[in-house]
Each structure stands twice: as C-alpha cells, then as structure tokens.
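Asker: Sharing structure37.cif below, mmCIF, C-alpha atoms:
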data_upload
loop_
_atom_site.label_atom_id
_atom_site.label_comp_id
_atom_site.auth_asym_id
_atom_site.auth_seq_id
_atom_site.Cartn_x
_atom_site.Cartn_y
_atom_site.Cartn_z
CA VAL L 285 75.05 -146.12 -49.02
CA GLY L 286 76.58 -149.32 -50.35
CA TYR L 287 78.91 -149.62 -47.35
CA VAL L 288 76.07 -148.97 -44.91
CA GLY L 289 74.02 -151.70 -46.59
CA ALA L 290 76.98 -154.07 -46.46
CA MET L 291 77.40 -153.46 -42.72
CA GLU L 292 73.71 -154.18 -42.27
CA MET L 293 74.06 -157.55 -43.98
CA LEU L 294 77.37 -158.58 -42.40
CA PRO L 295 75.87 -159.88 -39.10
CA TYR L 296 74.04 -162.60 -41.04
CA LEU L 297 77.44 -164.08 -41.81
CA LEU L 298 79.00 -163.47 -38.41
CA VAL L 299 76.23 -164.32 -35.94
CA GLY L 300 73.47 -165.79 -38.12
CA PRO L 301 74.46 -169.44 -37.58
CA TYR L 302 74.75 -168.98 -33.81
CA ALA L 303 71.35 -167.23 -33.73
CA GLY L 304 69.76 -170.30 -35.33
CA VAL L 305 71.37 -172.58 -32.75
CA ILE L 306 70.01 -170.37 -29.94
CA ALA L 307 66.51 -170.39 -31.50
CA ASP L 308 66.53 -174.20 -31.32
CA ARG L 309 67.74 -174.26 -27.69
CA ILE L 310 65.88 -171.70 -25.58
CA ASP L 311 62.49 -170.00 -25.30
CA ARG L 312 61.88 -168.23 -28.62
CA LYS L 313 59.68 -165.64 -26.93
CA ARG L 314 62.61 -164.56 -24.74
CA ILE L 315 64.89 -164.25 -27.80
CA MET L 316 62.44 -161.95 -29.59
CA LEU L 317 61.81 -159.89 -26.46
CA LEU L 318 65.51 -159.29 -25.76
CA SER L 319 66.15 -158.50 -29.42
CA ASP L 320 63.50 -155.77 -29.44
CA VAL L 321 64.58 -154.23 -26.13
CA CYS L 322 68.26 -154.14 -27.15
CA SER L 323 67.33 -152.57 -30.52
CA ALA L 324 65.31 -149.86 -28.77
CA ILE L 325 68.19 -149.07 -26.40
CA ALA L 326 70.67 -148.85 -29.29
CA LEU L 327 68.42 -146.44 -31.20
CA LEU L 328 67.76 -144.22 -28.17
CA VAL L 329 71.49 -143.96 -27.47
CA PHE L 330 72.16 -143.14 -31.13
CA SER L 331 69.40 -140.50 -31.21
CA ILE L 332 71.03 -138.71 -28.24
CA PHE L 333 74.39 -138.98 -30.01
CA VAL L 334 72.97 -137.42 -33.19
CA PHE L 335 71.28 -134.65 -31.19
CA LEU L 336 74.51 -133.75 -29.37
CA LEU L 337 76.36 -133.60 -32.71
CA ASP L 338 73.80 -131.19 -34.16
CA GLY L 339 72.41 -133.77 -36.59
CA LYS L 340 75.76 -134.52 -38.22
CA PRO L 341 77.04 -137.86 -36.90
CA PRO L 342 80.44 -139.17 -38.12
CA VAL L 343 80.47 -141.77 -40.88
CA TRP L 344 81.70 -144.55 -38.56
CA SER L 345 78.50 -144.23 -36.50
CA LEU L 346 76.37 -144.63 -39.64
CA LEU L 347 78.18 -147.93 -40.23
CA ALA L 348 77.95 -149.06 -36.60
CA ILE L 349 74.24 -148.57 -35.88
CA PRO L 350 72.90 -150.70 -38.79
CA PHE L 351 75.40 -153.40 -37.81
CA VAL L 352 74.04 -153.43 -34.24
CA LEU L 353 70.38 -153.39 -35.31
CA SER L 354 70.93 -156.11 -37.89
CA THR L 355 72.68 -158.26 -35.29
CA MET L 356 69.54 -158.07 -33.14
CA ARG L 357 67.41 -158.92 -36.17
CA CYS L 358 69.57 -162.00 -36.84
CA PHE L 359 68.35 -163.40 -33.54
CA PHE L 360 64.76 -162.18 -33.89
CA MET L 361 63.86 -163.55 -37.34
CA PRO L 362 64.75 -167.26 -36.95
CA ALA L 363 62.99 -167.27 -33.58
CA LYS L 364 59.88 -165.64 -35.06
CA SER L 365 59.65 -167.94 -38.08
CA ALA L 366 60.20 -171.01 -35.91
CA ALA L 367 57.64 -169.84 -33.33
CA ILE L 368 54.62 -169.28 -35.60
CA PRO L 369 53.87 -173.03 -36.15
CA ASN L 370 53.78 -173.43 -32.35
CA LEU L 371 51.08 -170.79 -32.03
CA VAL L 372 48.52 -171.78 -34.70
CA PRO L 373 47.08 -175.07 -36.03
CA GLN L 374 48.88 -176.37 -39.10
CA GLU L 375 45.80 -176.04 -41.30
CA LEU L 376 45.74 -172.29 -40.55
CA LEU L 377 49.46 -171.75 -41.02
CA MET L 378 49.17 -170.26 -44.53
CA LYS L 379 46.63 -167.72 -43.26
CA ALA L 380 48.77 -166.94 -40.22
CA ASN L 381 51.83 -166.24 -42.38
CA ALA L 382 49.73 -164.07 -44.71
CA LEU L 383 48.42 -162.12 -41.71
CA SER L 384 51.95 -161.74 -40.33
CA SER L 385 53.15 -160.43 -43.70
CA ALA L 386 50.20 -158.03 -43.99
CA THR L 387 50.61 -156.52 -40.51
CA PHE L 388 54.38 -156.29 -40.97
CA ASN L 389 53.90 -154.24 -44.13
CA VAL L 390 51.05 -152.14 -42.74
CA MET L 391 53.48 -150.84 -40.13
CA PHE L 392 55.88 -149.85 -42.92
CA LEU L 393 53.03 -147.94 -44.54
CA VAL L 394 52.25 -146.11 -41.30
CA GLY L 395 55.90 -145.14 -40.88
CA LEU L 396 56.34 -144.11 -44.50
CA GLY L 397 53.09 -142.13 -44.48
CA LEU L 398 54.29 -140.30 -41.39
CA ALA L 399 57.65 -139.64 -43.04
CA ALA L 400 56.07 -138.36 -46.26
CA GLY L 401 53.31 -136.28 -44.71
CA VAL L 402 54.72 -134.90 -41.47
CA ILE L 403 58.40 -135.59 -40.98
CA GLY L 404 59.18 -134.60 -44.58
CA GLN L 405 58.12 -131.06 -43.75
CA LEU L 406 60.34 -131.11 -40.68
CA PHE L 407 63.30 -132.13 -42.87
CA ASP L 408 62.97 -128.90 -44.85
CA VAL L 409 63.06 -126.63 -41.79
CA ALA L 410 65.09 -128.58 -39.21
CA PRO L 411 67.23 -131.45 -40.56
CA ARG L 412 68.77 -131.99 -37.13
CA MET L 413 65.43 -132.77 -35.48
CA PHE L 414 64.33 -134.81 -38.51
CA PHE L 415 67.00 -137.46 -37.89
CA VAL L 416 66.62 -137.40 -34.11
CA LEU L 417 62.85 -137.82 -34.35
CA ILE L 418 63.14 -140.68 -36.86
CA LEU L 419 65.53 -142.53 -34.55
CA ALA L 420 63.39 -141.94 -31.46
CA LEU L 421 60.19 -143.11 -33.20
CA ASN L 422 62.00 -146.21 -34.41
CA ALA L 423 63.08 -146.95 -30.82
CA VAL L 424 59.50 -146.54 -29.60
CA SER L 425 58.29 -148.96 -32.28
CA PHE L 426 60.67 -151.64 -30.98
CA LEU L 427 59.37 -151.12 -27.45
CA GLY L 428 55.82 -151.46 -28.77
CA SER L 429 56.75 -154.74 -30.42
CA ALA L 430 58.34 -155.93 -27.17
CA ALA L 431 55.15 -155.12 -25.26
CA PHE L 432 53.11 -157.39 -27.54
CA ILE L 433 55.70 -160.18 -27.55
CA ALA L 434 55.64 -160.11 -23.74
CA LYS L 435 51.99 -161.26 -23.94
CA LEU L 436 52.93 -164.48 -25.78
CA PRO L 437 53.22 -167.79 -23.94
CA GLN L 438 56.56 -169.53 -23.66
CA ILE L 439 57.67 -171.02 -27.00
CA VAL L 440 60.23 -173.65 -26.07
CA PRO L 441 61.73 -175.75 -28.92
CA ASP L 442 60.53 -179.33 -29.08
CA ARG L 443 63.76 -181.13 -28.25
CA SER L 444 64.87 -183.35 -25.38
CA LYS L 445 67.90 -182.97 -23.13
CA ALA L 446 69.39 -185.97 -24.93
CA ASP L 447 69.59 -183.80 -28.05
CA GLU L 448 71.80 -181.22 -26.34
CA GLN L 449 75.31 -180.93 -27.75
CA HIS L 450 77.98 -178.32 -28.32
CA PRO L 451 76.62 -175.29 -30.26
CA TRP L 452 79.11 -175.94 -33.07
CA GLU L 453 77.79 -179.49 -33.41
CA ASP L 454 74.27 -178.09 -33.41
CA PHE L 455 75.20 -175.80 -36.28
CA LYS L 456 76.79 -178.63 -38.26
CA SER L 457 73.71 -180.79 -37.77
CA GLY L 458 71.64 -177.95 -39.22
CA LEU L 459 73.93 -177.87 -42.26
CA ARG L 460 73.59 -181.65 -42.65
CA PHE L 461 69.81 -181.33 -42.46
CA ILE L 462 69.87 -178.89 -45.41
CA ARG L 463 72.44 -180.98 -47.29
CA ASP L 464 70.19 -184.06 -47.10
CA ARG L 465 67.15 -182.19 -48.47
CA HIS L 466 67.35 -181.44 -52.21
CA ASP L 467 64.54 -178.87 -52.00
CA LEU L 468 66.32 -176.92 -49.24
CA LYS L 469 69.63 -176.92 -51.12
CA VAL L 470 68.08 -175.60 -54.34
CA LEU L 471 65.96 -173.04 -52.50
CA THR L 472 69.01 -171.71 -50.65
CA VAL L 473 70.98 -171.32 -53.90
CA LEU L 474 68.07 -169.60 -55.67
CA LEU L 475 67.51 -167.26 -52.76
CA ALA L 476 71.20 -166.39 -52.68
CA ALA L 477 71.18 -165.62 -56.42
CA PHE L 478 68.04 -163.51 -56.06
CA ARG L 479 69.50 -161.58 -53.12
CA LEU L 480 72.68 -160.94 -55.12
CA GLY L 481 70.52 -159.41 -57.83
CA VAL L 482 68.43 -157.32 -55.47
CA ALA L 483 71.35 -156.23 -53.24
CA PRO L 484 72.31 -153.15 -55.33
CA PHE L 485 68.67 -152.08 -55.62
CA PHE L 486 68.51 -149.45 -52.91
CA VAL L 487 71.79 -147.89 -54.03
CA VAL L 488 70.48 -147.74 -57.62
CA TYR L 489 67.09 -146.60 -56.26
CA ILE L 490 68.67 -143.57 -54.60
CA ALA L 491 70.66 -142.76 -57.75
CA ALA L 492 67.45 -142.94 -59.83
CA ASN L 493 65.64 -140.69 -57.37
CA LYS L 494 68.45 -138.16 -57.59
CA GLU L 495 68.88 -138.24 -61.38
CA TRP L 496 65.25 -138.61 -62.51
CA PHE L 497 63.03 -137.29 -59.71
CA GLY L 498 64.86 -134.43 -57.97
CA GLY L 499 66.39 -136.37 -55.08
CA ARG L 500 63.93 -135.29 -52.37
CA PRO L 501 63.36 -137.76 -49.51
CA GLN L 502 59.59 -137.38 -49.92
CA THR L 503 59.80 -138.78 -53.45
CA LEU L 504 61.79 -141.78 -52.29
CA THR L 505 59.29 -142.29 -49.49
CA TRP L 506 56.38 -142.45 -51.95
CA PHE L 507 58.15 -145.14 -53.95
CA GLU L 508 58.63 -147.15 -50.77
CA PHE L 509 55.04 -146.43 -49.70
CA ALA L 510 53.72 -147.82 -53.00
CA PHE L 511 55.88 -150.94 -52.65
CA PHE L 512 54.67 -151.73 -49.14
CA ALA L 513 51.06 -150.90 -50.05
CA GLY L 514 51.37 -153.58 -52.73
CA MET L 515 52.88 -155.97 -50.18
CA VAL L 516 49.88 -155.45 -47.89
CA LEU L 517 47.43 -156.05 -50.72
CA GLY L 518 49.31 -159.14 -51.89
CA SER L 519 49.49 -160.50 -48.34
CA VAL L 520 45.73 -160.13 -47.89
CA PHE L 521 44.95 -162.11 -51.04
CA VAL L 522 47.66 -164.77 -50.74
CA GLY L 523 45.93 -166.13 -47.61
CA LYS L 524 43.04 -167.17 -49.87
CA PHE L 525 45.40 -168.71 -52.42
CA LYS L 526 46.05 -172.48 -52.42
CA ALA L 527 49.69 -172.89 -53.39
CA ARG L 528 49.95 -176.57 -54.30
CA ARG L 529 53.47 -176.08 -55.68
CA PRO L 530 55.25 -173.61 -53.34
CA THR L 531 58.58 -173.86 -55.17
CA VAL L 532 56.94 -173.04 -58.51
CA ALA L 533 55.17 -170.07 -56.89
CA PHE L 534 58.50 -168.87 -55.52
CA SER L 535 60.29 -169.13 -58.89
CA ALA L 536 57.40 -167.40 -60.66
CA MET L 537 57.65 -164.56 -58.15
CA LEU L 538 61.40 -164.22 -58.79
CA ALA L 539 60.79 -164.01 -62.54
CA THR L 540 57.98 -161.44 -62.39
CA VAL L 541 59.86 -159.25 -59.91
CA GLY L 542 62.85 -159.38 -62.27
CA VAL L 543 60.64 -158.16 -65.11
CA MET L 544 59.31 -155.27 -62.96
CA VAL L 545 62.85 -154.20 -61.99
CA GLY L 546 63.86 -154.28 -65.65
CA LEU L 547 60.90 -152.05 -66.57
CA MET L 548 61.89 -149.55 -63.86
CA GLY L 549 65.08 -148.93 -65.79
CA PHE L 550 63.04 -147.48 -68.65
CA CYS L 551 60.52 -145.55 -66.56
CA GLN L 552 61.45 -141.97 -65.76
CA ASN L 553 57.86 -140.96 -65.10
CA PHE L 554 57.00 -140.49 -61.41
CA VAL L 555 53.53 -142.08 -61.59
CA GLY L 556 54.82 -145.00 -63.64
CA PHE L 557 57.68 -145.63 -61.23
CA VAL L 558 55.24 -145.60 -58.30
CA LEU L 559 52.98 -148.06 -60.15
CA LEU L 560 55.84 -150.47 -60.89
CA ASN L 561 56.81 -150.44 -57.21
CA PHE L 562 53.19 -151.12 -56.26
CA ILE L 563 52.92 -154.11 -58.63
CA THR L 564 56.24 -155.50 -57.41
CA GLY L 565 54.97 -155.32 -53.85
CA ILE L 566 51.82 -157.25 -54.78
CA LEU L 567 53.84 -160.04 -56.40
CA ILE L 568 56.28 -160.81 -53.58
CA PRO L 569 53.86 -162.33 -51.01
CA PHE L 570 52.60 -164.83 -53.62
CA GLY L 571 56.08 -166.37 -53.61
CA ASP L 572 57.25 -165.66 -50.07
CA VAL L 573 54.25 -166.78 -48.01
CA PRO L 574 53.85 -170.23 -49.65
CA ILE L 575 57.58 -171.03 -49.41
CA ILE L 576 57.75 -169.88 -45.76
CA THR L 577 54.70 -172.00 -44.94
CA TYR L 578 56.19 -175.00 -46.72
CA LEU L 579 59.44 -174.69 -44.75
CA GLN L 580 57.56 -174.41 -41.48
CA VAL L 581 55.53 -177.58 -42.05
CA SER L 582 58.27 -179.64 -43.69
CA VAL L 583 61.07 -178.91 -41.19
CA GLU L 584 60.68 -180.41 -37.73
CA ASP L 585 60.52 -178.02 -34.79
CA ALA L 586 63.93 -178.97 -33.37
CA PHE L 587 65.64 -177.80 -36.60
CA ARG L 588 63.53 -174.80 -37.66
CA GLY L 589 65.73 -172.14 -36.09
CA ARG L 590 68.94 -173.54 -37.57
CA VAL L 591 67.47 -174.14 -41.03
CA ASN L 592 66.08 -170.60 -41.17
CA ALA L 593 69.35 -169.10 -39.90
CA VAL L 594 71.63 -171.09 -42.23
CA ARG L 595 69.42 -170.33 -45.21
CA GLU L 596 69.45 -166.62 -44.35
CA MET L 597 73.19 -166.69 -43.64
CA ILE L 598 73.98 -168.02 -47.11
CA ALA L 599 71.35 -166.01 -48.97
CA THR L 600 71.98 -162.73 -47.15
CA GLY L 601 75.74 -163.27 -47.00
CA VAL L 602 76.03 -162.45 -50.71
CA MET L 603 74.27 -159.09 -50.30
CA PRO L 604 77.28 -157.11 -49.04
CA ILE L 605 79.05 -158.09 -52.26
CA GLY L 606 76.23 -156.67 -54.38
CA MET L 607 75.93 -153.54 -52.25
CA VAL L 608 79.64 -152.75 -52.29
CA LEU L 609 79.79 -153.31 -56.07
CA ALA L 610 76.66 -151.24 -56.70
CA GLY L 611 78.52 -147.92 -56.78
CA THR L 612 81.10 -149.29 -59.22
CA MET L 613 78.36 -150.76 -61.40
CA LEU L 614 76.57 -147.40 -61.54
CA HIS L 615 79.79 -145.59 -62.38
CA LYS L 616 80.91 -148.03 -65.09
CA LEU L 617 77.56 -148.97 -66.66
CA GLY L 618 75.18 -146.15 -65.87
CA LEU L 619 71.69 -146.13 -64.34
CA VAL L 620 69.60 -147.98 -66.95
CA PRO L 621 72.09 -150.87 -67.49
CA SER L 622 72.31 -151.28 -63.70
CA PHE L 623 68.57 -151.96 -63.58
CA MET L 624 69.02 -154.45 -66.43
CA VAL L 625 71.83 -156.32 -64.64
CA MET L 626 69.70 -156.71 -61.50
CA ALA L 627 66.73 -157.93 -63.54
CA ALA L 628 68.87 -160.44 -65.44
CA VAL L 629 70.25 -162.00 -62.25
CA MET L 630 66.71 -162.42 -60.86
CA LEU L 631 65.46 -164.01 -64.08
CA VAL L 632 68.38 -166.46 -64.21
CA ALA L 633 67.64 -167.49 -60.60
CA ALA L 634 63.96 -168.07 -61.46
CA LEU L 635 64.77 -170.07 -64.60
CA SER L 636 67.25 -172.26 -62.70
CA GLY L 637 64.53 -173.28 -60.27
CA MET L 638 62.02 -174.08 -62.97
CA LEU L 639 64.55 -176.30 -64.80
CA ASP L 640 65.16 -178.49 -61.71
CA LYS L 641 62.50 -181.24 -61.91
CA ARG L 642 62.75 -182.47 -58.30
CA TYR L 643 62.55 -178.95 -56.94
CA ARG L 644 59.72 -177.99 -59.29
CA ARG L 645 57.57 -180.97 -58.24
CA VAL L 646 57.63 -180.22 -54.51
CA GLU L 647 54.05 -180.09 -53.16
CA MET L 648 52.57 -178.38 -50.13
CA PRO L 649 51.41 -180.86 -47.44
CA GLU L 650 47.67 -181.43 -47.82
CA GLU L 651 46.89 -180.42 -44.22
CA VAL L 652 47.76 -176.79 -44.98
CA HIS L 653 44.86 -176.56 -47.45
CA GLU L 654 42.30 -178.42 -45.35
CA ASN L 655 41.23 -175.31 -43.48
CA THR L 656 37.56 -174.93 -44.32
CA SER L 657 36.23 -177.15 -41.56
CA ALA L 658 39.11 -176.20 -39.26
CA MET L 659 38.29 -172.47 -39.24
CA SER L 660 35.60 -172.77 -36.61
CA ALA L 661 37.70 -175.12 -34.49
CA GLY L 662 40.68 -172.77 -34.69
CA ALA L 663 38.51 -169.79 -33.74
CA ALA L 664 37.03 -171.70 -30.81
CA ALA L 665 40.50 -172.67 -29.60
#
Translate the structure of the given file into structure tokens.
Answerer:
Amino acid sequence: VGYVGAMEMLPYLLVGPYAGVIADRIDRKRIMLLSDVCSAIALLVFSIFVFLLDGKPPVWSLLAIPFVLSTMRCFFMPAKSAAIPNLVPQELLMKANALSSATFNVMFLVGLGLAAGVIGQLFDVAPRMFFVLILALNAVSFLGSAAFIAKLPQIVPDRSKADEQHPWEDFKSGLRFIRDRHDLKVLTVLLAAFRLGVAPFFVVYIAANKEWFGGRPQTLTWFEFAFFAGMVLGSVFVGKFKARRPTVAFSAMLATVGVMVGLMGFCQNFVGFVLLNFITGILIPFGDVPIITYLQVSVEDAFRGRVNAVREMIATGVMPIGMVLAGTMLHKLGLVPSFMVMAAVMLVAALSGMLDKRYRRVEMPEEVHENTSAMSAGAAA
C-alpha cells in the first residue's frame, strides 16, 4: 500500500512543474477536458485487463495505474484552481470555492455509499467483478466530469504574447514569484510538513482497520464516508464564514486535525473512530477554503497555474517518503505510536506557522467579504 501511494504521488515531482506552465499558457478548459478523457480511457483499459486476469492483476499494474491517473490529475488541478477566479466575481470567490469543495466531497459520499451498501455485498460473492465494476464506474465518473467541463467557456490565461518564453524559463519565473512572497514560502513549507505527517495515514488506517475492526472493506468505507460527510458539512458552513486571517485559519486547521489524528490512536471503538473521522472532515474546509481563496485573489492570473503547481510539487513531493516509511514505522513502533508520530508532525507544522509574525498577519483582501450587495448582481450576471 505504501508503494502504491508513493507511485501516486511521484507524478507531482516529475510532471507537476510542467503542468503548471501549461496551465498558464493554454486554455484551461481544454486541459481539464483532456485530463478527464485520458483518465477514463486508462481506467477502462485497466478494467478489461483485470477482468481478463480473473480479478488478480500483477503487482506492477497496481503501481502503474495510480501513476497514470495521478499524472492526469497533476494537469487537472492547477488548471481548475486557476480557472475558478475567471468564472465568478471576486466577491463571490469564497462561496464558489466552498461550493466546489462541497460538491467534490458529495461525490465521494455517493461513491462510498455505493461501495458500502451495494458493491460491498458483491465483494463477498464475486471479488473479480467487484474490482472490475469499481474501475468501470470510476471511468464513467471521469466521462461525466468531462461532459460538464465541455459546457464551460474557454478559460485562456491572461497573458500577452510578449510574455511567452521557454517553458523552463516559465517554470523558473514561477519559482521566483514564490521566492519573492514571504507568505507563499511559509505556506509551502507548512503544507509540505503537514503532508509529510499525513502521508502514512492511509497505510496506518488500513492497519488499524485490520487489527481493531476486522479488516473488512465495508468498515474502511464507513470511516471514509464519515470523513467526507464531515467535509461536505464543513464546506457548506465555511462559505458563510468570513476568514479575515486565512493563514491563521489554515494553521488552526492543521493543529486541530493533528489532535484528531492523535485521538484516533487511542480509539478502538468503531463508533468513536467514525466520529473522529467525521469531526476531522468538518475541520479541514475551514482551513483549506480560505487559503485557496486567498491564493486565487493574491496571485495574478498569469502565474496562478505555476504557483499552484510548484506549491503542490513541493508539498506533495514529500508524501512518497512518508508512505514508503509508513510500513517500517508500523513495524518498529506499532500502531498507536504511529498515530502519535503523525499527529506530532502536524502540530509542529501548525505551531511553526503561528510563530511567524509576517505570515500570521496576512489578511484576506476586503473585496472577498463584500458580497452582500454583490449577491444579486452575481445572480443576475
């Protein structure tokens, strides 16, 4: 599981920077559309492969398919984040990001509910068809996403031909942009530290499910369902929340999530574990949505793709390290101490942000909060 997770994160290091350059050069709608279609094709091919092998694919294929899907996602995510400010007025951006987060997590709930209620039964009687059906449904979901993205207008980056240069120079200019902004530098370091702490989580999660809760996929699905249900609830309420200090909100989220992960290490009760996952899900949007909104309004359009990609490259690039080491950590320390190590890393990241005065004092641009009178104008538009 650790190696699979590492392969999923590796594309952020290999193609992430180039994906950001592309997102600042060509129509962002086209990038998202091609990413979804290629993901669907990859999953359909893999589902046929699994079917022909009677539901028992070789290990190399389980390393290859997440690498391919994650590569597509590397192109999709910077383009999506950079595109949202082009589609809504700035004063409604916080609400738009909250809505995006809510709908994103609702779809996880639908998939997890299907897995727990219907597909879980299929797993017991026909494991071969379980995996094939999961892959095929995932492919269909990408095609559904592509159908909606096709309805968007063109989203061409706001840059002139005079700004065109070699892609490598584009990438370096994105790095210089982050280097010259203290808030972006600190945020990138904190995010990397947080991701390092959270990287072993799913590996430890599966070990906890096996040791404490019987190891059935349905049990694991309910934990995930509770987490994403919390994310939906948090996303709904964060749109009504005025985050004057987005960096403080982000650090507070890191700290509280660290506390929840630490508590999971002492909770071997099924209901309690579900509840802790639910609370963790609620907390995350209150840090994520404000910081995403702040980045969108404080970074000019011509640099949004590169800034998002470089930030993700650095932050996500540490995750393979944590995932690969997760198995060793479990073996050497045990299950409960592994939860404690993850929680400690998250808390140190949060504390580091709060101790940096310049970072802590960053304020959200006033226009983001001036949405009361703009609601009717935005609806009319």
Asker: Given the file shown, determine the residues that the PyMOL selection byres ((chain L and resi 457-467) around 9) selects; report them as a PDB file with C-alpha atoms, in the coordinates of the input.
Answerer:
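Generated file (expr14.pdb):
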ATOM      1  CA  GLY L 304      69.760-170.300 -35.330  1.00  0.00           C
ATOM      2  CA  VAL L 305      71.370-172.580 -32.750  1.00  0.00           C
ATOM      3  CA  TRP L 452      79.110-175.940 -33.070  1.00  0.00           C
ATOM      4  CA  GLU L 453      77.790-179.490 -33.410  1.00  0.00           C
ATOM      5  CA  ASP L 454      74.270-178.090 -33.410  1.00  0.00           C
ATOM      6  CA  PHE L 455      75.200-175.800 -36.280  1.00  0.00           C
ATOM      7  CA  LYS L 456      76.790-178.630 -38.260  1.00  0.00           C
ATOM      8  CA  LEU L 468      66.320-176.920 -49.240  1.00  0.00           C
ATOM      9  CA  LYS L 469      69.630-176.920 -51.120  1.00  0.00           C
ATOM     10  CA  VAL L 470      68.080-175.600 -54.340  1.00  0.00           C
ATOM     11  CA  LEU L 471      65.960-173.040 -52.500  1.00  0.00           C
ATOM     12  CA  THR L 472      69.010-171.710 -50.650  1.00  0.00           C
ATOM     13  CA  THR L 531      58.580-173.860 -55.170  1.00  0.00           C
ATOM     14  CA  PHE L 587      65.640-177.800 -36.600  1.00  0.00           C
ATOM     15  CA  ARG L 588      63.530-174.800 -37.660  1.00  0.00           C
ATOM     16  CA  GLY L 589      65.730-172.140 -36.090  1.00  0.00           C
ATOM     17  CA  ARG L 590      68.940-173.540 -37.570  1.00  0.00           C
ATOM     18  CA  VAL L 591      67.470-174.140 -41.030  1.00  0.00           C
ATOM     19  CA  VAL L 594      71.630-171.090 -42.230  1.00  0.00           C
ATOM     20  CA  ARG L 595      69.420-170.330 -45.210  1.00  0.00           C
ATOM     21  CA  ARG L 642      62.750-182.470 -58.300  1.00  0.00           C
ATOM     22  CA  TYR L 643      62.550-178.950 -56.940  1.00  0.00           C
ATOM     23  CA  ARG L 644      59.720-177.990 -59.290  1.00  0.00           C
ATOM     24  CA  VAL L 646      57.630-180.220 -54.510  1.00  0.00           C
TER      25      VAL L 646
END
Asker: Between L:Gly499, L:Gly518, L:Gly481, L:Pro437, which has the minimum distance to L:Gly542 (counting only C-alpha atoms)?
Answerer: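 Closest to L:Gly542, using only C-alpha atoms: L:Gly481.
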Asker: Atom CA of L:Ile598 and atom CA of L:Phe534, how far apart in Å?
Answerer: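 One can read the atom CA of L:Phe534 to atom CA of L:Ile598 distance as 17.6 Å.
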Asker: What does the structure give for the distance between atom CA of L:His615 and atom CA of L:Gly546, in Å to one decimal?
Answerer: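 Atom CA of L:Gly546 lies at a distance of 18.4 Å from atom CA of L:His615.
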Asker: Which residue out of L:Ser331, L:Ser354, L:Ser582, L:Asn370 has the minimum interatomic distance to L:Met293 when only C-alpha atoms are used?
Answerer: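 For L:Met293, the nearest of the candidates is L:Ser354.
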Asker: Rank nothing, just name the residue among L:Val288, L:Ile575, L:Ile325, L:Leu421 nearest to L:Ala348, using only C-alpha atoms.
Answerer: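 Smallest distance to L:Ala348 is found for L:Val288.
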Asker: Apply the PyMOL selection byres ((chain L and resi 603) around 9) to the structure shown and report the selected residues as a list in words.
Answerer: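 So the PyMOL selection byres ((chain L and resi 603) around 9), applied here, picks out Gly289, Ala290, Met293, Leu294, Ala476, Arg479, Leu480, Gly481, Val482, Ala483, Pro484, Ala599, Thr600, Gly601, Val602, Pro604, Ile605, Gly606, Met607 and Val608 of chain L.
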Asker: Show me that you can extract stretch 489-504 of chain L, keeping N, CA and C atoms, and write it as an mmCIF file, in the first residue's frame.
Answerer:
data_model
loop_
_atom_site.group_PDB
_atom_site.id
_atom_site.type_symbol
_atom_site.label_atom_id
_atom_site.label_comp_id
_atom_site.auth_asym_id
_atom_site.auth_seq_id
_atom_site.Cartn_x
_atom_site.Cartn_y
_atom_site.Cartn_z
ATOM 1 N N TYR L 489 -4.108 3.611 8.571
ATOM 2 C CA TYR L 489 -5.567 3.444 8.560
ATOM 3 C C TYR L 489 -5.948 1.995 8.277
ATOM 4 N N ILE L 490 -5.331 1.429 7.221
ATOM 5 C CA ILE L 490 -5.629 0.051 6.833
ATOM 6 C C ILE L 490 -5.167 -0.925 7.917
ATOM 7 N N ALA L 491 -4.003 -0.642 8.515
ATOM 8 C CA ALA L 491 -3.514 -1.498 9.602
ATOM 9 C C ALA L 491 -4.462 -1.448 10.804
ATOM 10 N N ALA L 492 -4.981 -0.239 11.116
ATOM 11 C CA ALA L 492 -5.926 -0.109 12.235
ATOM 12 C C ALA L 492 -7.220 -0.858 11.929
ATOM 13 N N ASN L 493 -7.680 -0.757 10.702
ATOM 14 C CA ASN L 493 -8.904 -1.464 10.309
ATOM 15 C C ASN L 493 -8.729 -2.975 10.453
ATOM 16 N N LYS L 494 -7.544 -3.453 10.093
ATOM 17 C CA LYS L 494 -7.285 -4.890 10.170
ATOM 18 C C LYS L 494 -7.144 -5.359 11.611
ATOM 19 N N GLU L 495 -6.418 -4.577 12.435
ATOM 20 C CA GLU L 495 -6.112 -5.016 13.801
ATOM 21 C C GLU L 495 -7.268 -4.777 14.772
ATOM 22 N N TRP L 496 -8.005 -3.668 14.586
ATOM 23 C CA TRP L 496 -9.032 -3.290 15.564
ATOM 24 C C TRP L 496 -10.461 -3.589 15.114
ATOM 25 N N PHE L 497 -10.704 -3.594 13.790
ATOM 26 C CA PHE L 497 -12.091 -3.620 13.322
ATOM 27 C C PHE L 497 -12.396 -4.743 12.341
ATOM 28 N N GLY L 498 -11.555 -5.767 12.264
ATOM 29 C CA GLY L 498 -11.872 -6.940 11.466
ATOM 30 C C GLY L 498 -11.372 -6.924 10.042
ATOM 31 N N GLY L 499 -10.937 -5.773 9.542
ATOM 32 C CA GLY L 499 -10.323 -5.719 8.217
ATOM 33 C C GLY L 499 -11.256 -5.766 7.031
ATOM 34 N N ARG L 500 -12.573 -5.678 7.236
ATOM 35 C CA ARG L 500 -13.494 -5.735 6.100
ATOM 36 C C ARG L 500 -13.495 -4.402 5.346
ATOM 37 N N PRO L 501 -13.623 -4.446 4.003
ATOM 38 C CA PRO L 501 -13.644 -3.205 3.230
ATOM 39 C C PRO L 501 -14.821 -2.306 3.580
ATOM 40 N N GLN L 502 -15.955 -2.932 4.004
ATOM 41 C CA GLN L 502 -17.107 -2.108 4.368
ATOM 42 C C GLN L 502 -16.798 -1.203 5.553
ATOM 43 N N THR L 503 -16.045 -1.721 6.522
ATOM 44 C CA THR L 503 -15.690 -0.928 7.699
ATOM 45 C C THR L 503 -14.832 0.260 7.296
ATOM 46 N N LEU L 504 -13.843 0.004 6.471
ATOM 47 C CA LEU L 504 -12.978 1.075 5.982
ATOM 48 C C LEU L 504 -13.785 2.108 5.213
#
